[in-house]
Amino acid sequence: MLILEENLKKLPILPDIVTLLLNLKSSENYDTKKLLELIHRDPILTSRILHLANSKFFGFTNTIDTPGQAISLYGMNFTIAVCISEIVNNTLKFDLDAYDITYYKFNLVNELSFKVMLDWLDESDADLKEDLIIPIFLHNIGKFIISSYLKQENKINKFKAIYKNSDVSKVERDFVGISSCELSSMVLKDWGFDQKNLDMIFYMGNPYLSTSNKKAVAVLSVINTLCSFKRPMSSDSIQLALLKAKDYDLDFEKLKNIIDRLSINYKNS
């Protein structure tokens, strides 16, 4: 893992706008006007927010034309998380060649993951929903670094050959000594993200090891299985996700109904 550690030492510094967005998120007095000012600094942020807000997974008949409308519909935390995710992805330079993932599919899977979380958790879990938004969008960024490293070492083809028919985390550990979710947590720690978010992402591979936020970690683990980049919404992914949901004592039946409904939209994507 030594060469990979060298890559981590060379991580780019996030733009100042991320700190401003995180401070805004942690503030008890949400300032919509301030958020809109930050969004309007970068046209790419506006484009990404509107694209996600108008995703067919959400089923709105009316088009959402402005970030302000998106904030009203989905809330501040959603909008902030989308902005941070887009900035992080651009800062790291999107690279998922080792995983055979295009930018379009990456965003589609993120949209699907968010929608599953939104529909699965009840109103009584409103705080849990808010806590999960950033991990939902950022738990896969470690894959960018692994893919870039494998490219440097000319190991992408070897990785792909094994990855297709094996457990993803195991293959990642065999090649770089760490899973991508653990690596994502390390990267976000270096960038000063909240410890609660770091723990959710770090332990999602094995929620039983988590000492806090156990339900959040379990939900994230199930959604990651269901919306796996390798086979999102496949029969195998669905079966394993439902087994995990039952094992973690989560609402298995509700998740099954959501999958039945969303799988049609995903297959037509």
# chains A, B, ... in the order shown; residues from 1 in each chain; ligands from 1
call {"tool": "select_by_dssp", "arguments": {"residues": "stretch 11-224 of chain A", "states": "alpha helix (DSSP H)", "output": "NGL selection string"}}
result
:A and (16-26 or 32-39 or 43-53 or 67-74 or 76-92 or 103-120 or 126-138 or 142-152 or 156-163 or 168-176 or 180-190 or 195-202 or 214-224)
call {"tool": "residues_around", "arguments": {"residues": "A:Ile64", "least_positions_apart": "2", "cutoff": "9 Å", "atoms": "only C-alpha atoms", "output": "ChimeraX atom specification"}}
result
/A:50-51,53-54,60,62,66-67,69-70
call {"tool": "closest_residue", "arguments": {"among": "A:Lys93, A:Lys25, A:Lys10, A:Lys230", "to": "A:Asp131", "atoms": "only C-alpha atoms"}}
result
A:Lys25
call {"tool": "residues_around", "arguments": {"residues": "stretch 136-150 of chain A", "least_positions_apart": "3", "cutoff": "7 Å", "atoms": "only C-alpha atoms", "output": "number ranges by chain"}}
result
A: 4, 85, 94-98, 110, 113-114, 132-133, 153-156, 180-181, 183-184, 201
call {"tool": "closest_residue", "arguments": {"among": "A:Asp199, A:Phe57, A:Leu262, A:Ala216", "to": "A:Asp125", "atoms": "only C-alpha atoms"}}
result
A:Ala216
call {"tool": "residues_around", "arguments": {"residues": "A:Asp31", "least_positions_apart": "2", "cutoff": "12 Å", "atoms": "only C-alpha atoms", "output": "list in words"}}
result
Leu20, Leu21, Asn23, Leu24, Lys25, Ser26, Ser27, Glu28, Asn29, Lys33, Lys34, Leu35, Leu36, Glu37, Leu38, Gly68, Ile71, Gly75, Met76, Asn77 and Ile80 of chain A
call {"tool": "closest_residue", "arguments": {"among": "A:Lys246, A:Arg231, A:Lys105, A:Lys196", "to": "A:Glu130", "atoms": "only C-alpha atoms"}}
result
A:Lys196
call {"tool": "residues_around", "arguments": {"residues": "A:Val116", "least_positions_apart": "3", "cutoff": "9 Å", "atoms": "only C-alpha atoms", "output": "PyMOL selection string"}}
result
chain A and resi 111-113+119-121+223+255+258-259+262
call {"tool": "write_last_selection", "arguments": {"atoms": "N, CA, C and O atoms", "output": "PDB file, in the first residue's frame"}}
result
ATOM      1  N   GLU A 111     -28.094   8.708  -7.991  1.00  0.00           N
ATOM      2  CA  GLU A 111     -29.498   9.139  -7.961  1.00  0.00           C
ATOM      3  C   GLU A 111     -30.399   8.016  -7.436  1.00  0.00           C
ATOM      4  O   GLU A 111     -31.282   8.251  -6.601  1.00  0.00           O
ATOM      5  N   LEU A 112     -30.165   6.825  -7.911  1.00  0.00           N
ATOM      6  CA  LEU A 112     -30.945   5.672  -7.475  1.00  0.00           C
ATOM      7  C   LEU A 112     -30.746   5.418  -5.979  1.00  0.00           C
ATOM      8  O   LEU A 112     -31.716   5.174  -5.247  1.00  0.00           O
ATOM      9  N   SER A 113     -29.507   5.491  -5.521  1.00  0.00           N
ATOM     10  CA  SER A 113     -29.205   5.266  -4.101  1.00  0.00           C
ATOM     11  C   SER A 113     -29.930   6.277  -3.220  1.00  0.00           C
ATOM     12  O   SER A 113     -30.500   5.922  -2.174  1.00  0.00           O
ATOM     13  N   ASP A 119     -37.080   7.015   0.107  1.00  0.00           N
ATOM     14  CA  ASP A 119     -38.361   6.317   0.187  1.00  0.00           C
ATOM     15  C   ASP A 119     -38.391   5.271   1.289  1.00  0.00           C
ATOM     16  O   ASP A 119     -39.460   4.965   1.835  1.00  0.00           O
ATOM     17  N   TRP A 120     -37.236   4.708   1.593  1.00  0.00           N
ATOM     18  CA  TRP A 120     -37.192   3.594   2.554  1.00  0.00           C
ATOM     19  C   TRP A 120     -37.361   4.070   3.995  1.00  0.00           C
ATOM     20  O   TRP A 120     -38.081   3.462   4.783  1.00  0.00           O
ATOM     21  N   LEU A 121     -36.706   5.176   4.346  1.00  0.00           N
ATOM     22  CA  LEU A 121     -36.750   5.659   5.723  1.00  0.00           C
ATOM     23  C   LEU A 121     -38.013   6.467   5.980  1.00  0.00           C
ATOM     24  O   LEU A 121     -38.420   7.281   5.155  1.00  0.00           O
ATOM     25  N   ILE A 223     -28.014  -0.302   0.895  1.00  0.00           N
ATOM     26  CA  ILE A 223     -28.181   0.483  -0.344  1.00  0.00           C
ATOM     27  C   ILE A 223     -26.976   0.318  -1.253  1.00  0.00           C
ATOM     28  O   ILE A 223     -27.108   0.199  -2.478  1.00  0.00           O
ATOM     29  N   LEU A 255     -38.645  -2.226   1.758  1.00  0.00           N
ATOM     30  CA  LEU A 255     -37.556  -2.163   0.787  1.00  0.00           C
ATOM     31  C   LEU A 255     -37.909  -2.977  -0.457  1.00  0.00           C
ATOM     32  O   LEU A 255     -37.656  -2.535  -1.589  1.00  0.00           O
ATOM     33  N   ILE A 258     -40.209  -1.009  -2.663  1.00  0.00           N
ATOM     34  CA  ILE A 258     -39.490   0.090  -3.319  1.00  0.00           C
ATOM     35  C   ILE A 258     -38.677  -0.440  -4.499  1.00  0.00           C
ATOM     36  O   ILE A 258     -38.660   0.160  -5.582  1.00  0.00           O
ATOM     37  N   ILE A 259     -38.028  -1.563  -4.299  1.00  0.00           N
ATOM     38  CA  ILE A 259     -37.225  -2.173  -5.372  1.00  0.00           C
ATOM     39  C   ILE A 259     -38.108  -2.535  -6.560  1.00  0.00           C
ATOM     40  O   ILE A 259     -37.757  -2.268  -7.721  1.00  0.00           O
ATOM     41  N   LEU A 262     -38.904   0.820  -8.342  1.00  0.00           N
ATOM     42  CA  LEU A 262     -37.794   1.554  -8.949  1.00  0.00           C
ATOM     43  C   LEU A 262     -37.046   0.748 -10.007  1.00  0.00           C
ATOM     44  O   LEU A 262     -36.417   1.336 -10.891  1.00  0.00           O
TER      45      LEU A 262
END
